[in-house]
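What follows is a set of notes on a single structure, which appears directly below.
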Amino acid sequence: MPKLDKVKDFFIKRILLANIFKINIPGYLITSSYSIEGVKVAMRTIMMPDRFLINLEDSVEKNIGAEGVKAIYAAGKGDGYYVARITNFPRDEKIYKTLVPSFFGTLYAKEIGLTIVKTNQHATVINLEVLEPAGSENERYSYWIAGAWAGFFSRILDNNKIECAVRGVEDGRFSLVNAEVKYMKPKDMGKIIESDIPGRLDILQYYANNKLPADLPVDGATIKKLMDEQILTYDSGRMILNKDKCRYIPFESFGLLQLEKSLLDNLILDASYKYFFELGKSYGVLRDPYLFLSRLLTALGFGIVTVIKRNDKKLEVVFKGYPWFSEELSDTKAPFVRGAFSGFISAIMEKDITASFISSKLDNGVFILSIALVLK
């Protein structure tokens with residue numbers, strides 16, 4: 001069995017994962033190109049720490065309640081829907097019932113099982129068994145990822161009324177049902193959230209504003225480089241940052257931008273700050289913490305990240321090629337990356353570092369975003 005596991009791990013790491021995501025392009029984590037609606041599109045992805053998602057869901061559930069939880073679920077539903085749409089994921093039942101476990105099992109869980117049930121009304125119910133899923137803690141399945149399943153299967157089944165409910169959990173294995181609410185069994189009904197597909201996608205704009213720029217740095221940080229440097233590693237359905245063992249999971253750019261639009265900036269910023277502050281404490285001392293975090297966020301798909309010193313107390317962080325989704329959603333004040341820098345640098349320097357939004361603009365199809373760091 002150990003030999004078989006090594007073969008499987010090698011296949012996932014070197015072949016399947018590499019084919020799903022191009023992990024050797026600085027600042028850009030993209031899928032292979034797909035043809036959809038007559039346009040060749042490469043999906044723009046960012047890798048997010050699932051600890052951030054856990055922090056955010058804990059805070060929202062405590063401070064806002066059901067309305068906030070629904071906003072997280074809806075953001076996930078849009079993300080899953082657009083993943084299926086932009087990748088033109090196969091809708092043939094014979095294909096997707098095999099492809100879904102292998103595709104999503106590479107990064108979202110240790111193992112995924114899928115079964116399809118047809119009701120007497122000829123409706124489709126998709127049951128999932130998910131072992132050790134990302135973003136879940138204390139037997140609570142992530143609201144965002146549940147929404148992502150609902151959105152994904154809404155696109156696959158061409159039915160936006162598909163929702164995802166958690167039936168139960170045992171020994172780290174979650175049972176999920178994806179169907180229209182009216183076809184769910186009574187025991188599922190108390191755990192269901194209902195949401196429309198949020199947002200709107202213009203394929204031509206999406207493609208134009210996420211194209212790779214011609215001047216990408218040859219020596220820029222990539223996931224492949226960070227894996228070679230043992231900063232990141234991959235094991236059994238987990239992309240892990242080695243220092244703190246946090247799992248990193250893919251978001252289509254819609255997912256983060258919709259969260260930032262739907263929730264108060266301070267909730268996103270605080271959840272990000274909390275995770276990155278703990279990460280900074282785990283590193284303790286770094287020769288150049290600004291360079292380290294810039295390389296990490298560059299590799300995770302946030303564009304080419306550069307820190308510019310303005311004076312002894314102020315620095316500017318520029319994200320050239322920050323993920324873009326739509327004019328509406330890309331009007332962001334970037335609370336996630338502001339929280340990342342302020343939390344990480346505050347922990348390393350043992351000083352209170354604040355991060356504020358400066359500007360964002362589109363420049364010849366490249367989205368450029370700037371934030372300021374102020375040392376107190």
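Following the order of the structure tokens, first chain is A, next is B, and so on, with residues numbered from 1 inside each chain and ligands from 1 in the order they appear.
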
Distance query Ile30 of chain A at most 7 Å, only C-alpha atoms, self and fewer than 5 positions along chain excluded, as an mmCIF file with N, CA and C atoms, in the first residue's frame:
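Result saved to selection.cif:
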data_model
loop_
_atom_site.group_PDB
_atom_site.id
_atom_site.type_symbol
_atom_site.label_atom_id
_atom_site.label_comp_id
_atom_site.auth_asym_id
_atom_site.auth_seq_id
_atom_site.Cartn_x
_atom_site.Cartn_y
_atom_site.Cartn_z
ATOM 1 N N PHE A 21 -3.761 23.135 -13.097
ATOM 2 C CA PHE A 21 -3.266 24.487 -12.851
ATOM 3 C C PHE A 21 -1.853 24.637 -13.396
ATOM 4 N N LYS A 22 -1.627 25.752 -14.063
ATOM 5 C CA LYS A 22 -0.265 26.092 -14.460
ATOM 6 C C LYS A 22 0.378 26.770 -13.251
ATOM 7 N N ALA A 42 -8.757 31.306 -20.078
ATOM 8 C CA ALA A 42 -8.013 30.624 -19.028
ATOM 9 C C ALA A 42 -8.526 31.146 -17.692
ATOM 10 N N MET A 43 -8.984 30.261 -16.823
ATOM 11 C CA MET A 43 -9.567 30.688 -15.552
ATOM 12 C C MET A 43 -8.478 31.214 -14.617
ATOM 13 N N ARG A 44 -8.744 32.347 -14.001
ATOM 14 C CA ARG A 44 -7.814 32.974 -13.055
ATOM 15 C C ARG A 44 -8.139 32.476 -11.644
ATOM 16 N N THR A 45 -7.155 31.895 -10.995
ATOM 17 C CA THR A 45 -7.342 31.304 -9.679
ATOM 18 C C THR A 45 -6.381 31.934 -8.683
#

Give me the segment 178-202 of chain A side of the contact with segment 116-125 of chain A, cut-off 12 Å, one line per residue showing its nearest atom pair and distance in Å at one decimal, counting only C-alpha atoms, sorted by chain and residue number, as CSV.
residue,atom,partner,partner_atom,distance
A:Asn178,CA,A:Val125,CA,5.9
A:Ala179,CA,A:Val125,CA,4.9
A:Glu180,CA,A:Val125,CA,7.9
A:Val181,CA,A:Val125,CA,10.1
A:Lys182,CA,A:Ala123,CA,10.2
A:Tyr183,CA,A:Thr119,CA,7.6
A:Met184,CA,A:Val125,CA,8.2
A:Lys185,CA,A:Val125,CA,10.8

Let me make sure I understand: among A:Leu329, A:Ile348, A:Ile145, A:Val366, which one has the smallest atom-to-atom distance to Pro198 of chain A if we use only C-alpha atoms? A:Leu329

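Interatomic distance, atom CA of Glu252 of chain A against atom CA of Gln230 of chain A: 25.1 Å.
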
Do you have the atom CA of Arg85 of chain A-atom CA of Thr106 of chain A distance handy?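 Computing it gives 19.5 Å between the two atoms.
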